[in-house]
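Chemist: One file is attached below, data_26.cif, containing mmCIF, C-alpha atoms.
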```cif
data_upload
loop_
_atom_site.label_atom_id
_atom_site.label_comp_id
_atom_site.auth_asym_id
_atom_site.auth_seq_id
_atom_site.Cartn_x
_atom_site.Cartn_y
_atom_site.Cartn_z
CA MET A 25 128.36 18.05 156.18
CA MET A 26 125.83 20.75 156.93
CA ILE A 27 127.19 23.93 158.47
CA LYS A 28 125.73 24.54 161.91
CA LEU A 29 126.02 28.34 161.99
CA SER A 30 126.10 31.13 159.42
CA ILE A 31 127.31 34.45 160.86
CA ILE A 32 126.00 37.43 158.90
CA ILE A 33 127.69 40.83 159.28
CA VAL A 34 126.62 44.03 157.52
CA ASN A 35 129.51 46.50 157.25
CA TYR A 36 129.24 50.23 156.61
CA ASN A 37 132.35 52.38 157.04
CA VAL A 38 133.64 50.64 160.19
CA THR A 39 136.62 48.64 158.91
CA HIS A 40 138.61 48.90 162.16
CA LEU A 41 135.69 47.60 164.21
CA LEU A 42 134.85 44.90 161.67
CA LYS A 43 138.44 43.64 161.79
CA ASN A 44 138.26 43.22 165.59
CA CYS A 45 134.90 41.49 165.23
CA LEU A 46 136.32 38.98 162.73
CA PHE A 47 139.36 38.32 164.91
CA SER A 48 137.08 37.58 167.87
CA ILE A 49 135.12 35.06 165.79
CA LYS A 50 138.32 33.27 164.73
CA LYS A 51 139.57 33.24 168.31
CA TYR A 52 136.48 31.89 170.00
CA LEU A 53 134.73 29.75 167.39
CA GLY A 54 137.86 27.83 166.47
CA ASN A 55 137.00 24.53 164.79
CA SER A 56 133.24 24.91 165.18
CA SER A 57 131.03 24.27 162.17
CA TYR A 58 130.43 27.79 160.95
CA GLU A 59 130.78 30.24 158.08
CA VAL A 60 131.05 34.02 158.05
CA ILE A 61 129.38 36.16 155.39
CA VAL A 62 130.29 39.85 155.39
CA ILE A 63 128.23 42.13 153.17
CA ASP A 64 129.48 45.65 152.64
CA ASN A 65 126.63 48.13 152.27
CA ASN A 66 128.29 50.42 149.70
CA SER A 67 130.78 51.97 152.14
CA THR A 68 132.50 55.18 151.07
CA ASP A 69 135.56 53.86 152.91
CA THR A 70 136.82 50.96 150.76
CA SER A 71 139.51 49.84 153.22
CA TRP A 72 137.28 46.89 154.16
CA LYS A 73 138.52 45.21 150.97
CA ASP A 74 141.93 44.77 152.65
CA LEU A 75 140.25 42.28 154.98
CA ILE A 76 139.43 39.90 152.11
CA SER A 77 143.04 38.67 151.93
CA GLU A 78 143.46 38.85 155.72
CA PHE A 79 140.47 36.56 156.33
CA PRO A 80 140.45 34.26 153.26
CA GLU A 81 138.23 31.68 155.00
CA PHE A 82 135.38 34.20 155.25
CA HIS A 83 133.01 35.22 152.44
CA PHE A 84 132.84 38.89 151.42
CA ILE A 85 130.13 40.26 149.18
CA THR A 86 129.28 43.80 148.20
CA SER A 87 126.10 45.73 147.67
CA GLU A 88 126.12 48.36 144.94
CA THR A 89 123.68 50.50 146.93
CA ASN A 90 123.01 51.11 150.61
CA ASP A 91 119.40 50.05 151.03
CA GLY A 92 119.59 49.63 154.77
CA PHE A 93 120.40 47.03 157.41
CA ALA A 94 117.41 44.74 156.90
CA LYS A 95 117.75 44.47 153.13
CA ALA A 96 121.49 43.80 153.32
CA ASN A 97 121.00 41.01 155.84
CA ASN A 98 118.27 39.40 153.77
CA LYS A 99 120.50 39.54 150.69
CA ALA A 100 123.45 37.92 152.46
CA ILE A 101 121.24 35.28 154.09
CA GLN A 102 120.19 34.04 150.65
CA THR A 103 123.71 32.59 150.32
CA ALA A 104 123.87 31.15 153.86
CA LYS A 105 124.23 27.39 154.31
CA GLY A 106 123.92 27.12 158.11
CA GLU A 107 121.16 25.52 160.15
CA TYR A 108 121.27 28.63 162.33
CA LEU A 109 121.82 32.29 161.47
CA LEU A 110 123.64 34.74 163.71
CA ILE A 111 123.07 38.34 162.68
CA LEU A 112 126.02 40.13 164.24
CA ASN A 113 126.93 43.83 164.27
CA PRO A 114 130.41 44.73 162.98
CA ASP A 115 130.94 46.89 166.09
CA THR A 116 130.74 43.87 168.41
CA GLU A 117 133.27 41.33 169.67
CA ILE A 118 132.60 37.76 170.81
CA GLU A 119 133.86 37.17 174.37
CA GLY A 120 134.25 33.50 175.10
CA PHE A 121 134.04 29.89 173.90
CA TYR A 122 130.29 29.75 174.43
CA MET A 123 128.84 29.37 170.94
CA ASN A 124 128.40 25.59 171.06
CA GLU A 125 126.74 25.93 174.48
CA VAL A 126 124.37 28.56 173.08
CA LEU A 127 123.53 26.38 170.06
CA ASP A 128 122.92 23.35 172.32
CA PHE A 129 120.53 25.50 174.36
CA ALA A 130 118.70 26.53 171.19
CA ASP A 131 118.53 22.90 170.02
CA SER A 132 116.93 21.90 173.33
CA LYS A 133 113.93 24.21 172.82
CA THR A 134 110.94 22.94 170.85
CA ASN A 135 109.61 26.37 169.83
CA PHE A 136 112.89 28.26 169.60
CA GLY A 137 112.43 31.72 168.11
CA CYS A 138 115.55 33.78 168.68
CA LEU A 139 118.27 34.36 171.26
CA GLY A 140 120.35 37.30 172.39
CA VAL A 141 123.21 37.60 174.87
CA ARG A 142 124.40 40.06 177.50
CA MET A 143 125.96 43.17 175.98
CA HIS A 144 128.25 45.71 177.56
CA ASP A 145 130.09 48.75 176.25
CA ALA A 146 133.84 49.45 176.16
CA ASN A 147 133.70 50.64 179.78
CA GLY A 148 132.10 47.40 180.93
CA VAL A 149 128.70 49.01 181.48
CA PHE A 150 125.78 46.64 180.88
CA LEU A 151 123.54 47.66 177.97
CA PRO A 152 119.88 47.30 179.01
CA GLU A 153 118.63 46.88 175.44
CA SER A 154 120.02 43.34 175.68
CA LYS A 155 116.57 42.32 177.01
CA ARG A 156 113.35 44.22 176.36
CA SER A 157 109.58 44.12 176.18
CA VAL A 158 107.47 44.75 173.10
CA PRO A 159 106.69 48.50 173.09
CA ASP A 160 103.26 49.42 174.42
CA MET A 161 101.60 52.58 175.72
CA PHE A 162 102.96 52.21 179.24
CA ASN A 163 106.55 51.02 178.84
CA SER A 164 107.08 53.39 175.91
CA PHE A 165 106.14 56.34 178.12
CA GLU A 166 108.62 55.03 180.71
CA LYS A 167 111.39 54.80 178.10
CA LEU A 168 110.70 58.08 176.30
CA PHE A 169 110.02 60.41 179.21
CA THR A 170 111.27 59.02 182.53
CA LYS A 171 114.46 57.77 184.08
CA PHE A 172 112.58 55.59 186.54
CA LYS A 173 113.29 51.89 185.96
CA LYS A 174 110.57 49.53 187.11
CA ASN A 175 111.61 46.03 188.18
CA ASN A 176 108.76 44.12 186.60
CA SER A 177 108.01 42.24 183.41
CA LYS A 178 106.08 45.17 181.93
CA SER A 179 109.06 47.54 181.98
CA TYR A 180 110.61 48.32 178.61
CA TYR A 181 114.04 47.13 179.73
CA ARG A 182 113.29 43.86 181.51
CA ASN A 183 114.77 44.88 184.84
CA ASP A 184 113.06 41.90 186.50
CA ILE A 185 115.51 39.62 184.66
CA GLY A 186 119.04 39.61 186.06
CA GLU A 187 121.94 40.62 183.86
CA PHE A 188 123.49 37.13 184.04
CA GLU A 189 120.26 35.12 183.95
CA VAL A 190 118.85 32.90 181.23
CA SER A 191 115.18 33.64 180.64
CA GLU A 192 112.38 33.90 178.13
CA VAL A 193 112.03 37.47 176.94
CA GLU A 194 110.03 39.26 174.29
CA VAL A 195 112.66 41.37 172.50
CA ILE A 196 116.41 41.03 172.06
CA THR A 197 118.81 43.15 170.06
CA GLY A 198 119.78 42.89 166.40
CA ALA A 199 123.45 43.31 167.38
CA PHE A 200 123.53 39.58 168.26
CA PHE A 201 120.48 37.78 166.92
CA LEU A 202 120.46 33.97 166.72
CA VAL A 203 117.63 32.26 164.83
CA LYS A 204 117.07 29.04 162.89
CA THR A 205 117.40 29.59 159.15
CA ASP A 206 114.17 27.73 158.40
CA VAL A 207 112.25 29.82 160.92
CA TYR A 208 113.76 33.05 159.60
CA ASN A 209 112.64 32.18 156.08
CA GLU A 210 109.21 31.01 157.29
CA ILE A 211 108.39 34.40 158.84
CA GLY A 212 109.82 36.36 155.90
CA GLY A 213 113.08 37.58 157.44
CA LEU A 214 113.72 41.17 158.46
CA ASP A 215 111.07 43.64 157.27
CA GLU A 216 112.79 45.76 154.61
CA LYS A 217 110.55 48.76 155.31
CA TYR A 218 112.99 49.52 158.13
CA PHE A 219 116.19 51.16 156.86
CA MET A 220 117.88 50.94 160.25
CA TYR A 221 116.57 50.53 163.82
CA GLY A 222 113.31 48.86 164.80
CA GLU A 223 113.72 45.80 162.60
CA ASP A 224 114.91 43.74 165.60
CA ILE A 225 111.82 44.63 167.65
CA ASP A 226 109.64 43.83 164.65
CA ILE A 227 111.12 40.39 163.97
CA CYS A 228 111.02 39.44 167.67
CA TYR A 229 107.34 40.40 167.80
CA THR A 230 106.69 38.49 164.57
CA LEU A 231 108.28 35.37 166.07
CA LEU A 232 106.09 35.67 169.17
CA ASN A 233 103.00 36.07 166.98
CA HIS A 234 103.96 32.85 165.16
CA GLY A 235 104.08 30.92 168.43
CA TYR A 236 107.84 30.92 168.95
CA GLN A 237 109.69 31.73 172.18
CA ASN A 238 112.56 34.23 172.44
CA TYR A 239 115.40 34.00 174.92
CA TYR A 240 117.92 36.15 176.73
CA TYR A 241 121.10 34.20 177.48
CA GLY A 242 122.96 36.20 180.12
CA LYS A 243 125.68 33.57 180.62
CA ALA A 244 127.30 34.69 177.34
CA SER A 245 128.43 38.21 176.47
CA ILE A 246 129.64 40.47 173.70
CA LEU A 247 131.40 43.79 173.72
CA HIS A 248 129.33 46.31 171.81
CA HIS A 249 131.07 49.53 170.83
CA LYS A 250 127.70 51.23 171.01
CA GLY A 251 127.43 54.50 169.15
CA GLU A 252 130.91 54.44 167.61
CA SER A 253 129.47 53.53 164.23
CA THR A 254 126.55 55.96 164.50
CA ILE A 255 126.54 59.70 163.91
CA LYS A 256 123.79 61.24 166.05
CA ASP A 257 122.39 63.80 163.63
CA ASN A 258 119.03 64.63 162.06
CA VAL A 259 119.35 61.70 159.65
CA TYR A 260 119.80 59.38 162.64
CA LEU A 261 116.79 60.90 164.41
CA GLU A 262 114.61 60.57 161.30
CA ARG A 263 115.56 56.92 160.89
CA PHE A 264 115.21 56.05 164.58
CA TYR A 265 111.84 57.70 165.20
CA GLY A 266 110.71 56.77 161.68
CA ALA A 267 111.36 53.12 162.54
CA MET A 268 109.22 53.36 165.66
CA GLN A 269 106.46 54.94 163.56
CA ILE A 270 106.62 52.02 161.09
CA PHE A 271 106.24 49.61 163.99
CA ILE A 272 103.18 51.24 165.53
CA ASP A 273 101.60 51.76 162.08
CA LYS A 274 102.04 48.04 161.42
CA TYR A 275 100.83 46.63 164.74
CA TYR A 276 98.70 49.20 166.55
CA LYS A 277 96.98 51.50 164.06
CA GLU A 278 94.12 49.11 163.27
CA THR A 279 94.00 46.88 166.34
CA LYS A 280 94.78 49.28 169.20
CA PRO A 281 93.77 52.78 168.07
CA LEU A 282 93.96 54.33 171.56
CA GLN A 283 97.49 53.05 172.15
CA TYR A 284 98.37 54.08 168.60
CA SER A 285 97.28 57.68 169.16
CA PHE A 286 99.18 57.90 172.42
CA LEU A 287 102.37 56.35 171.00
CA LYS A 288 102.26 58.49 167.86
CA ALA A 289 101.97 61.69 169.93
CA GLY A 290 104.72 60.55 172.30
CA LEU A 291 107.12 59.72 169.47
CA LYS A 292 106.48 63.05 167.78
CA LEU A 293 107.09 64.97 171.00
CA ARG A 294 110.27 63.06 171.85
CA HIS A 295 111.56 63.49 168.29
CA GLN A 296 111.07 67.24 168.54
CA ILE A 297 112.88 67.35 171.89
CA GLU A 298 115.86 65.47 170.44
CA LYS A 299 115.99 67.76 167.39
CA ILE A 300 116.13 70.80 169.66
CA LYS A 301 119.04 69.21 171.57
CA LEU A 302 121.05 68.97 168.35
CA LYS A 303 120.86 72.72 167.72
#
```
Could you render the structure as structure tokens?

Modeler:
Amino acid sequence: MMIKLSIIIVNYNVTHLLKNCLFSIKKYLGNSSYEVIVIDNNSTDTSWKDLISEFPEFHFITSETNDGFAKANNKAIQTAKGEYLLILNPDTEIEGFYMNEVLDFADSKTNFGCLGVRMHDANGVFLPESKRSVPDMFNSFEKLFTKFKKNNSKSYYRNDIGEFEVSEVEVITGAFFLVKTDVYNEIGGLDEKYFMYGEDIDICYTLLNHGYQNYYYGKASILHHKGESTIKDNVYLERFYGAMQIFIDKYYKETKPLQYSFLKAGLKLRHQIEKIKLK
């Protein structure tokens, strides 16, 4: 019997969060047709190995080097047997018996690209990156330099879509990213030029460019311990703003030179501001 869902989790030095994530999968997916593949990205903390005996029904693999989030996912996905892939962050927890409902929704769509769910932090605060637009000159300025949130479809965080709604959307998050395995392979998977950050925006945009439709499914939710697995230092800033630079180089440099110039200058300025804040 074919497995319906392969859940892919990349771990890096967050054993305590990973353990909670795996427990939530066991609790809420129950007897569903699924597998879990955990790939450790050369963690310096080897305590994750204790989870192998604690979760014997899950598959654990290791990477000898840390080549980033995208590459690790692509490596693990090569072993996946599911019709669908769910790329899931280790610092998340499933919150309900909704997976079959979500998969039925995906099955019902003829041009299904990807799907994300409503995310909130440990304080219950909704995370707006759950539903986003593709970055352009206007919404990027809004995100980088203003606190004003427009309620229209052009805003970076799709504030025109309700938190609990189900709607087509351009960009979802890589923390919970559902996609058909065949489609993922067709478009080439996550772009490995991204070490971390930006790869979710890129793959969503790639799906749209291939004629697929992406969805935000606000009736389902995950807890995302946002930031607990990330150290906000210069390395983080280089990777984050570097990822945005990769994206605009790839999609705007040749086709939209005016937008490219504006976005490049805006990213550089914002990066400098954030570096000053660290001092």

Chemist: Using the chain letters and numbers from the file, give me the residues hit by the PyMOL selection byres ((chain A and resi 215) around 10), as a list of chain:residue names.

Modeler: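 Taken over the shown coordinates, the PyMOL selection byres ((chain A and resi 215) around 10) returns A:Phe93, A:Ala94, A:Lys95, A:Asn98, A:Ile211, A:Gly212, A:Gly213, A:Leu214, A:Glu216, A:Lys217, A:Tyr218, A:Phe219, A:Gly222, A:Glu223, A:Asp224, A:Asp226, A:Ile227, A:Thr230.
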
Chemist: For the file shown, report as a ChimeraX atom specification the outcome of the PyMOL selection byres ((chain A and resi 86) around 7) at residue level.

Modeler: /A:63-66,84-85,87-88

Chemist: Please report the interatomic distance between atom CA of Leu109 of chain A and atom CA of Asp206 of chain A in Å with one decimal.

Modeler: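 Answer for the atom CA of Leu109 of chain A to atom CA of Asp206 of chain A separation: 9.4 Å.
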
Chemist: Step by step, work through what the PyMOL selection byres ((chain A and resi 132-137) around 6) selects in the shown file, and finish by giving those residues as a list in words.

Modeler: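 Evaluating the PyMOL selection byres ((chain A and resi 132-137) around 6) on this file yields Phe129, Ala130, Asp131, Cys138, Leu231, Tyr236, Gln237 and Asn238 of chain A.
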
Chemist: Expressed in Å to a single decimal, how great is the separation between atom CA of Asn44 of chain A and atom CA of Glu117 of chain A?

Modeler: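 We find that atom CA of Asn44 of chain A and atom CA of Glu117 of chain A lie 6.7 Å from each other.
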
Chemist: Could you tell me how far atom CA of Gln283 of chain A lies from atom CA of Ile297 of chain A, in Å and to one decimal?

Modeler: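 Here the two named atoms are 21.0 Å from each other.
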
Chemist: Select, from A:Leu110, A:Val190, A:Val34, A:Val158, the residue with the minimum atom-to-atom distance to Tyr208 of chain A, counting only C-alpha atoms.

Modeler: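 Selected residue with least distance to Tyr208 of chain A: A:Leu110.
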
Chemist: With 5 Å of padding per side, what axis-aligned box (centre and edge lengths, Å, one decimal) covers all the listed atoms of segment 115-128 of chain A? Give it as lines of an AutoDock Vina configuration file.

Modeler:
```
center_x = 128.6
center_y = 35.1
center_z = 170.6
size_x = 21.3
size_y = 33.5
size_z = 19.0
```

Chemist: Which one is closest to Ala199 of chain A: A:Phe264, A:Tyr52, A:Phe47, A:Tyr221? Count only C-alpha atoms.

Modeler: A:Tyr221

Chemist: Around the point (124.4, 36.9, 183.6) (coordinates from the file), which residues reach within 12 Å if we count all atoms listed in the file? Answer as a PyMOL selection string.

Modeler: chain A and resi 140-144+150+154-155+185-191+240-246

Chemist: Create the file for the chosen residues now, containing C-alpha atoms and written as a PDB file, keeping the file's coordinate frame.

Modeler:
```
ATOM      1  CA  GLY A 140     120.350  37.300 172.390  1.00  0.00           C
ATOM      2  CA  VAL A 141     123.210  37.600 174.870  1.00  0.00           C
ATOM      3  CA  ARG A 142     124.400  40.060 177.500  1.00  0.00           C
ATOM      4  CA  MET A 143     125.960  43.170 175.980  1.00  0.00           C
ATOM      5  CA  HIS A 144     128.250  45.710 177.560  1.00  0.00           C
ATOM      6  CA  PHE A 150     125.780  46.640 180.880  1.00  0.00           C
ATOM      7  CA  SER A 154     120.020  43.340 175.680  1.00  0.00           C
ATOM      8  CA  LYS A 155     116.570  42.320 177.010  1.00  0.00           C
ATOM      9  CA  ILE A 185     115.510  39.620 184.660  1.00  0.00           C
ATOM     10  CA  GLY A 186     119.040  39.610 186.060  1.00  0.00           C
ATOM     11  CA  GLU A 187     121.940  40.620 183.860  1.00  0.00           C
ATOM     12  CA  PHE A 188     123.490  37.130 184.040  1.00  0.00           C
ATOM     13  CA  GLU A 189     120.260  35.120 183.950  1.00  0.00           C
ATOM     14  CA  VAL A 190     118.850  32.900 181.230  1.00  0.00           C
ATOM     15  CA  SER A 191     115.180  33.640 180.640  1.00  0.00           C
ATOM     16  CA  TYR A 240     117.920  36.150 176.730  1.00  0.00           C
ATOM     17  CA  TYR A 241     121.100  34.200 177.480  1.00  0.00           C
ATOM     18  CA  GLY A 242     122.960  36.200 180.120  1.00  0.00           C
ATOM     19  CA  LYS A 243     125.680  33.570 180.620  1.00  0.00           C
ATOM     20  CA  ALA A 244     127.300  34.690 177.340  1.00  0.00           C
ATOM     21  CA  SER A 245     128.430  38.210 176.470  1.00  0.00           C
ATOM     22  CA  ILE A 246     129.640  40.470 173.700  1.00  0.00           C
TER      23      ILE A 246
END
```

Chemist: Tell me which of A:Val203, A:Tyr284, A:His83, A:Asn37 sits closest to Ser67 of chain A, counting all atoms listed in the file.

Modeler: A:Asn37

Chemist: Would you list the contacts of Arg156 of chain A as a list in words, taking every protein, DNA or RNA residue within 7 Å and counting only C-alpha atoms, but skipping same-chain residues closer than 2 positions in sequence?

Modeler: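 Listed by chain and then number, they are Glu153, Ser154, Val158, Tyr180, Tyr181, Arg182, Val193, Glu194, Val195 and Ile196 of chain A.
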
Chemist: Restricting the calculation to all atoms listed in the file, which member of A:Glu59, A:Glu119, A:Glu278, A:Asp91 is positioned closest to Lys105 of chain A?

Modeler: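 Checking each of A:Glu59, A:Glu119, A:Glu278, A:Asp91 against Lys105 of chain A, counting all atoms listed in the file, the winner is A:Glu59.
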
Chemist: Could you tell me which of A:Ile300, A:Leu232, A:Met220, A:Ile32 comes closest to Ala267 of chain A if we count all atoms listed in the file?

Modeler: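 For Ala267 of chain A, the nearest of the given residues is A:Met220.
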